[in-house]
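Undergrad: For reference, this is data_28.pdb, and it has PDB, C-alpha atoms and all ligand atoms.
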ATOM      1  CA  MET A   1      16.259 -11.920   7.661
ATOM      2  CA  LYS A   2      15.344 -11.004   4.088
ATOM      3  CA  GLU A   3      15.215  -7.375   2.940
ATOM      4  CA  PHE A   4      11.723  -7.017   1.429
ATOM      5  CA  GLY A   5       8.420  -8.792   1.927
ATOM      6  CA  ILE A   6       5.419  -7.603  -0.069
ATOM      7  CA  PHE A   7       1.948  -8.149   1.422
ATOM      8  CA  TYR A   8      -1.149  -7.183  -0.565
ATOM      9  CA  GLY A   9      -4.920  -7.528  -0.650
ATOM     10  CA  SER A  10      -6.632  -7.331  -4.029
ATOM     11  CA  THR A  11     -10.197  -8.069  -5.143
ATOM     12  CA  THR A  12     -10.007  -7.781  -8.925
ATOM     13  CA  GLY A  13      -6.245  -8.186  -9.375
ATOM     14  CA  THR A  14      -5.167  -4.559  -9.778
ATOM     15  CA  THR A  15      -3.226  -4.260  -6.536
ATOM     16  CA  GLU A  16      -1.824  -7.742  -7.126
ATOM     17  CA  GLY A  17      -0.456  -6.526 -10.474
ATOM     18  CA  ILE A  18       1.150  -3.503  -8.833
ATOM     19  CA  ALA A  19       2.648  -5.781  -6.151
ATOM     20  CA  GLU A  20       4.258  -7.808  -8.951
ATOM     21  CA  LYS A  21       5.653  -4.672 -10.602
ATOM     22  CA  ILE A  22       7.124  -3.544  -7.274
ATOM     23  CA  ALA A  23       8.660  -6.993  -6.793
ATOM     24  CA  GLN A  24      10.290  -6.817 -10.217
ATOM     25  CA  ALA A  25      11.639  -3.321  -9.594
ATOM     26  CA  LEU A  26      13.176  -4.352  -6.250
ATOM     27  CA  ASN A  27      14.321  -7.822  -7.360
ATOM     28  CA  VAL A  28      11.997  -9.456  -4.836
ATOM     29  CA  ASP A  29      11.385 -13.157  -5.428
ATOM     30  CA  THR A  30       7.759 -14.163  -6.097
ATOM     31  CA  SER A  31       7.903 -16.346  -2.983
ATOM     32  CA  ASP A  32       8.251 -13.121  -0.971
ATOM     33  CA  VAL A  33       5.052 -11.637  -2.439
ATOM     34  CA  HIS A  34       2.140 -12.589  -0.179
ATOM     35  CA  ASN A  35      -1.618 -12.320  -0.558
ATOM     36  CA  VAL A  36      -2.862 -11.376   2.925
ATOM     37  CA  GLY A  37      -5.964 -13.457   2.261
ATOM     38  CA  ASN A  38      -4.005 -16.672   2.693
ATOM     39  CA  THR A  39      -0.928 -15.640   4.675
ATOM     40  CA  ASN A  40      -0.114 -16.096   8.359
ATOM     41  CA  VAL A  41       0.764 -12.729   9.878
ATOM     42  CA  ASP A  42       3.933 -14.179  11.463
ATOM     43  CA  GLU A  43       5.369 -14.324   7.939
ATOM     44  CA  VAL A  44       6.290 -10.636   8.415
ATOM     45  CA  ASP A  45       8.919 -11.707  10.963
ATOM     46  CA  ASN A  46      11.099 -12.842   8.032
ATOM     47  CA  TYR A  47      11.609  -9.344   6.605
ATOM     48  CA  LYS A  48      13.363  -6.076   7.489
ATOM     49  CA  CYS A  49      11.115  -3.986   5.248
ATOM     50  CA  LEU A  50       7.403  -4.638   4.770
ATOM     51  CA  ILE A  51       5.710  -3.302   1.659
ATOM     52  CA  LEU A  52       1.975  -3.299   2.320
ATOM     53  CA  GLY A  53      -0.669  -2.796  -0.380
ATOM     54  CA  SER A  54      -4.456  -2.501  -0.344
ATOM     55  CA  SER A  55      -7.105  -1.270  -2.706
ATOM     56  CA  THR A  56     -10.022   0.707  -1.264
ATOM     57  CA  TRP A  57     -13.616  -0.559  -1.412
ATOM     58  CA  GLY A  58     -17.056   0.500  -0.193
ATOM     59  CA  VAL A  59     -16.528   4.153   0.639
ATOM     60  CA  GLY A  60     -13.029   4.325   2.060
ATOM     61  CA  ASP A  61     -12.888   0.728   3.313
ATOM     62  CA  LEU A  62      -9.952  -1.644   3.432
ATOM     63  CA  GLN A  63      -9.838  -4.378   0.822
ATOM     64  CA  ASP A  64     -11.676  -7.323   2.427
ATOM     65  CA  ASP A  65      -8.677  -9.621   2.903
ATOM     66  CA  TRP A  66      -7.015  -7.024   5.135
ATOM     67  CA  ASN A  67      -9.782  -7.400   7.692
ATOM     68  CA  GLY A  68      -8.378  -9.825  10.215
ATOM     69  CA  PHE A  69      -4.784  -9.465   8.984
ATOM     70  CA  LEU A  70      -4.340  -5.787   9.890
ATOM     71  CA  ASP A  71      -5.536  -6.267  13.482
ATOM     72  CA  LYS A  72      -3.007  -9.048  14.015
ATOM     73  CA  LEU A  73      -0.246  -7.052  12.323
ATOM     74  CA  ALA A  74      -0.985  -3.991  14.463
ATOM     75  CA  ALA A  75      -0.761  -6.137  17.607
ATOM     76  CA  LYS A  76       2.795  -7.215  16.754
ATOM     77  CA  ASN A  77       5.975  -5.445  17.808
ATOM     78  CA  LEU A  78       7.335  -4.092  14.519
ATOM     79  CA  SER A  79      10.211  -2.122  16.086
ATOM     80  CA  GLY A  80      13.200  -1.983  13.775
ATOM     81  CA  LYS A  81      11.107  -2.693  10.699
ATOM     82  CA  LYS A  82      10.575  -0.257   7.855
ATOM     83  CA  VAL A  83       7.081  -0.160   6.368
ATOM     84  CA  ALA A  84       6.134   1.248   2.949
ATOM     85  CA  LEU A  85       2.533   1.532   1.775
ATOM     86  CA  PHE A  86       0.938   1.357  -1.666
ATOM     87  CA  GLY A  87      -2.613   1.134  -2.865
ATOM     88  CA  CYS A  88      -5.023   1.314  -5.767
ATOM     89  CA  GLY A  89      -8.142   3.434  -5.998
ATOM     90  CA  ASP A  90     -10.344   5.501  -8.260
ATOM     91  CA  SER A  91      -9.846   9.261  -7.882
ATOM     92  CA  CYS A  92     -12.799  10.165 -10.134
ATOM     93  CA  THR A  93     -15.693   8.037  -8.895
ATOM     94  CA  PHE A  94     -14.372   7.889  -5.316
ATOM     95  CA  GLY A  95     -12.578  11.247  -5.111
ATOM     96  CA  GLY A  96     -13.834  11.774  -1.567
ATOM     97  CA  SER A  97     -12.238   8.586  -0.248
ATOM     98  CA  PHE A  98      -9.343   8.124  -2.649
ATOM     99  CA  CYS A  99      -7.118   5.283  -1.471
ATOM    100  CA  ASP A 100      -8.356   5.706   2.107
ATOM    101  CA  ALA A 101      -7.287   2.138   2.904
ATOM    102  CA  LEU A 102      -3.692   3.397   3.060
ATOM    103  CA  GLY A 103      -4.671   5.955   5.656
ATOM    104  CA  THR A 104      -6.293   3.186   7.682
ATOM    105  CA  ILE A 105      -3.223   0.956   7.571
ATOM    106  CA  TYR A 106      -0.980   3.915   8.423
ATOM    107  CA  ASN A 107      -3.125   4.876  11.414
ATOM    108  CA  ASP A 108      -3.573   1.336  12.701
ATOM    109  CA  LEU A 109       0.192   0.672  12.706
ATOM    110  CA  GLN A 110       1.088   3.813  14.664
ATOM    111  CA  SER A 111       1.645   1.921  17.918
ATOM    112  CA  SER A 112       3.499  -1.011  16.365
ATOM    113  CA  GLY A 113       6.945   0.632  16.560
ATOM    114  CA  CYS A 114       7.615   0.462  12.810
ATOM    115  CA  THR A 115       9.219   3.278  10.836
ATOM    116  CA  PHE A 116       7.319   4.398   7.758
ATOM    117  CA  VAL A 117       9.202   5.084   4.535
ATOM    118  CA  GLY A 118       8.075   6.037   1.041
ATOM    119  CA  PHE A 119       6.052   9.189   1.645
ATOM    120  CA  ILE A 120       5.601  11.242  -1.534
ATOM    121  CA  ASP A 121       4.216  14.639  -2.555
ATOM    122  CA  ASN A 122       0.656  14.704  -3.852
ATOM    123  CA  ASP A 123       1.651  16.778  -6.907
ATOM    124  CA  GLY A 124      -0.147  15.571 -10.000
ATOM    125  CA  TYR A 125      -2.940  13.788  -8.134
ATOM    126  CA  HIS A 126      -6.548  14.990  -8.376
ATOM    127  CA  TYR A 127      -9.007  14.012  -5.656
ATOM    128  CA  ASP A 128     -11.232  15.759  -3.143
ATOM    129  CA  SER A 129      -9.978  14.064  -0.011
ATOM    130  CA  SER A 130      -7.977  11.100   1.163
ATOM    131  CA  THR A 131      -7.011   9.861   4.601
ATOM    132  CA  ALA A 132      -3.744   8.785   2.944
ATOM    133  CA  GLU A 133      -2.791  12.473   2.782
ATOM    134  CA  ILE A 134      -1.173  14.251   5.690
ATOM    135  CA  ASP A 135      -0.413  17.960   5.127
ATOM    136  CA  GLY A 136      -0.032  17.533   1.376
ATOM    137  CA  ARG A 137       2.132  14.441   1.690
ATOM    138  CA  LEU A 138       0.904  10.971   0.804
ATOM    139  CA  VAL A 139       1.715   8.124   3.185
ATOM    140  CA  GLY A 140       2.670   5.918   0.256
ATOM    141  CA  LEU A 141       2.257   5.223  -3.447
ATOM    142  CA  LEU A 142      -1.286   5.891  -4.662
ATOM    143  CA  VAL A 143      -2.153   4.252  -7.974
ATOM    144  CA  ASP A 144      -5.193   5.008 -10.125
ATOM    145  CA  GLU A 145      -5.301   2.366 -12.811
ATOM    146  CA  MET A 146      -8.910   3.300 -13.659
ATOM    147  CA  ASN A 147      -8.241   6.877 -14.761
ATOM    148  CA  GLU A 148      -4.468   7.450 -14.985
ATOM    149  CA  PRO A 149      -2.809   4.173 -15.939
ATOM    150  CA  GLU A 150      -0.268   6.034 -18.067
ATOM    151  CA  LEU A 151       1.137   7.656 -14.914
ATOM    152  CA  THR A 152       1.594   4.453 -12.945
ATOM    153  CA  ASP A 153       5.063   3.386 -14.091
ATOM    154  CA  GLU A 154       6.633   6.796 -13.473
ATOM    155  CA  ARG A 155       4.943   7.131 -10.082
ATOM    156  CA  LEU A 156       6.016   3.629  -9.131
ATOM    157  CA  ASN A 157       9.624   4.080 -10.218
ATOM    158  CA  ASN A 158       9.952   7.404  -8.366
ATOM    159  CA  TRP A 159       8.483   5.834  -5.244
ATOM    160  CA  ILE A 160      10.899   2.904  -5.463
ATOM    161  CA  LYS A 161      13.817   5.368  -5.642
ATOM    162  CA  THR A 162      12.495   7.136  -2.535
ATOM    163  CA  ILE A 163      12.332   3.878  -0.616
ATOM    164  CA  GLN A 164      15.799   2.798  -1.716
ATOM    165  CA  GLN A 165      17.262   6.132  -0.562
ATOM    166  CA  GLU A 166      15.481   5.962   2.783
ATOM    167  CA  ILE A 167      16.544   2.448   3.666
ATOM    168  CA  SER A 168      20.182   2.744   2.531
TER
HETATM  169  C1  LIG A 201     -17.966  -0.709  -5.214
HETATM  170  C2  LIG A 201     -16.634  -0.047  -5.320
HETATM  171  C3  LIG A 201     -16.200   0.777  -4.290
HETATM  172  C4  LIG A 201     -14.958   1.435  -4.393
HETATM  173  N1  LIG A 201     -14.590   2.343  -3.408
HETATM  174  C5  LIG A 201     -13.445   3.056  -3.563
HETATM  175  C6  LIG A 201     -13.088   4.079  -2.618
HETATM  176  O1  LIG A 201     -13.783   4.357  -1.637
HETATM  177  N2  LIG A 201     -11.927   4.758  -2.828
HETATM  178  C7  LIG A 201     -11.115   4.517  -3.910
HETATM  179  O2  LIG A 201     -10.079   5.171  -4.052
HETATM  180  N3  LIG A 201     -11.444   3.544  -4.818
HETATM  181  C8  LIG A 201     -12.576   2.820  -4.677
HETATM  182  N4  LIG A 201     -12.897   1.852  -5.591
HETATM  183  C9  LIG A 201     -11.989   1.588  -6.720
HETATM  184  C10 LIG A 201     -11.079   0.372  -6.486
HETATM  185  O3  LIG A 201     -10.271   0.536  -5.328
HETATM  186  C11 LIG A 201     -10.176   0.197  -7.717
HETATM  187  O4  LIG A 201     -10.963  -0.289  -8.777
HETATM  188  C12 LIG A 201      -8.977  -0.685  -7.479
HETATM  189  O5  LIG A 201      -8.119  -0.595  -8.601
HETATM  190  C13 LIG A 201      -9.326  -2.145  -7.232
HETATM  191  O6  LIG A 201      -8.140  -2.840  -6.924
HETATM  192  P1  LIG A 201      -8.102  -4.412  -6.635
HETATM  193  O7  LIG A 201      -8.528  -5.110  -7.898
HETATM  194  O8  LIG A 201      -6.679  -4.699  -6.324
HETATM  195  O9  LIG A 201      -9.006  -4.717  -5.498
HETATM  196  C14 LIG A 201     -14.126   1.196  -5.518
HETATM  197  C15 LIG A 201     -14.575   0.340  -6.530
HETATM  198  C16 LIG A 201     -15.801  -0.255  -6.454
HETATM  199  C17 LIG A 201     -16.253  -1.136  -7.582
END
Show me, as structure tokens, the structure contained in the file I just sent.
TA:
Amino acid sequence: MKEFGIFYGSTTGTTEGIAEKIAQALNVDTSDVHNVGNTNVDEVDNYKCLILGSSTWGVGDLQDDWNGFLDKLAAKNLSGKKVALFGCGDSCTFGGSFCDALGTIYNDLQSSGCTFVGFIDNDGYHYDSSTAEIDGRLVGLLVDEMNEPELTDERLNNWIKTIQQEIS
């Protein structure tokens, strides 16, 4: 079984770009970076650690390609697997539903048996509310390429370090 599989949904390419940066940082081959829009859910069986990414659309909705994939993923037995979440959003225009798609994925996978890794503090983020936040902690890496692109690399690299520590 391979270490990392990255699975993302992206409408305008932002989350796809972050998925590629994560792959580079973790030395993940491009063949292990999957667009959920054209991937069979059983592909996750090949990996010990799943890195799942979605942007947020509508008001707090999953990125479209996750509809259909997340249900099937949540129905699987993910015991023994680590899961890390990342997502892109807009904390200014959509500050009341910032990166809510991550909260949805987190909630929907609660019964799957997976172990979540890669929680971070919400220090330095500015939003009104997010279902990706639990008691001041974020369930994964939140990226705001619309308003704070200059913070992305540092946030991403710190998050990668957190994951590496938690899975070692
Ligand atoms: C119509 C519309 C609705 C959006 N809704 C949200 C939202 O509820 N929460 C949020 O954080 N971002 C929201 N966004 C911002 C996108 O998630 C953001 O632009 C993201 O970077 C897109 O990533 P993608 O290209 O990978 O799909 C919205 C953007 C648009 C245009």
Undergrad: Quick one: pull the distance between atom CA of A:Gln110 and atom CA of A:Thr131, Å, one decimal.
TA: 14.3 Å
Undergrad: Name the residues that the PyMOL selection byres (((chain A and resi 69-71) around 8) and not hetatm) picks from the file above, as a list in words, using the file's chain letters and numbers.
TA: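 The output of the PyMOL selection byres (((chain A and resi 69-71) around 8) and not hetatm) on this file is Val36, Gly37, Val41, Asp65, Trp66, Asn67, Gly68, Lys72, Leu73, Ala74, Ala75, Ile105 and Asp108 of chain A.
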Undergrad: Can you pull out every residue with an atom within 6 Å of ligand LIG 201 (chain A)? Use only C-alpha atoms and all ligand atoms and format it as a VMD selection string.
TA: chain A and resid 10 to 16 55 to 60 88 to 91 94 97 to 99 145
Undergrad: Within 12 Å of A:Thr30, counting all atoms listed in the file, which residues show up once you throw out same-chain ones fewer than 4 positions away? Write them as a ChimeraX atom specification, please.
TA: /A:4-7,16,19-24,26,34-35
Undergrad: Determine the residue membership of the PyMOL selection byres (((chain A and resi 160) around 8) and not hetatm) for the file above and supply it as a ChimeraX atom specification.
TA: /A:22,25-26,118,156-159,161-164
Undergrad: Identify which of the residues A:Leu52, A:Ile167, A:Cys114, A:Cys92 lies closest to A:Asp128, counting only C-alpha atoms when measuring atom-to-atom distances.
TA: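 Closest to A:Asp128 of all the choices is A:Cys92.
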Undergrad: To one decimal in Å, tell me the separation between atom CA of A:Gln63 and atom CA of A:Ala101.
TA: 7.3 Å
Undergrad: Rank A:Asp153, A:Gln165, A:Ser54, A:Val83 by their smallest atom-to-atom distance to A:Val117, using only C-alpha atoms, and report the top residue only.
TA: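 The closest residue to A:Val117 is A:Val83.
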Undergrad: Quote the spacing between atom CA of A:Leu138 and atom CA of A:Thr39 in Å to one decimal place.
TA: 27.0 Å
Undergrad: Could you name the residues that touch A:Ser111 at 10 Å or less, counting all atoms listed in the file, but leaving out those on the same chain fewer than 4 positions away, as an MDAnalysis selection string?
TA: chainID A and resid 74:79 107
Undergrad: Could you state which residues are captured by the PyMOL selection byres (((chain A and resi 82) around 7) and not hetatm) in this file, as a PyMOL selection string?
TA: chain A and resi 48-50+80-81+83-84+114-117
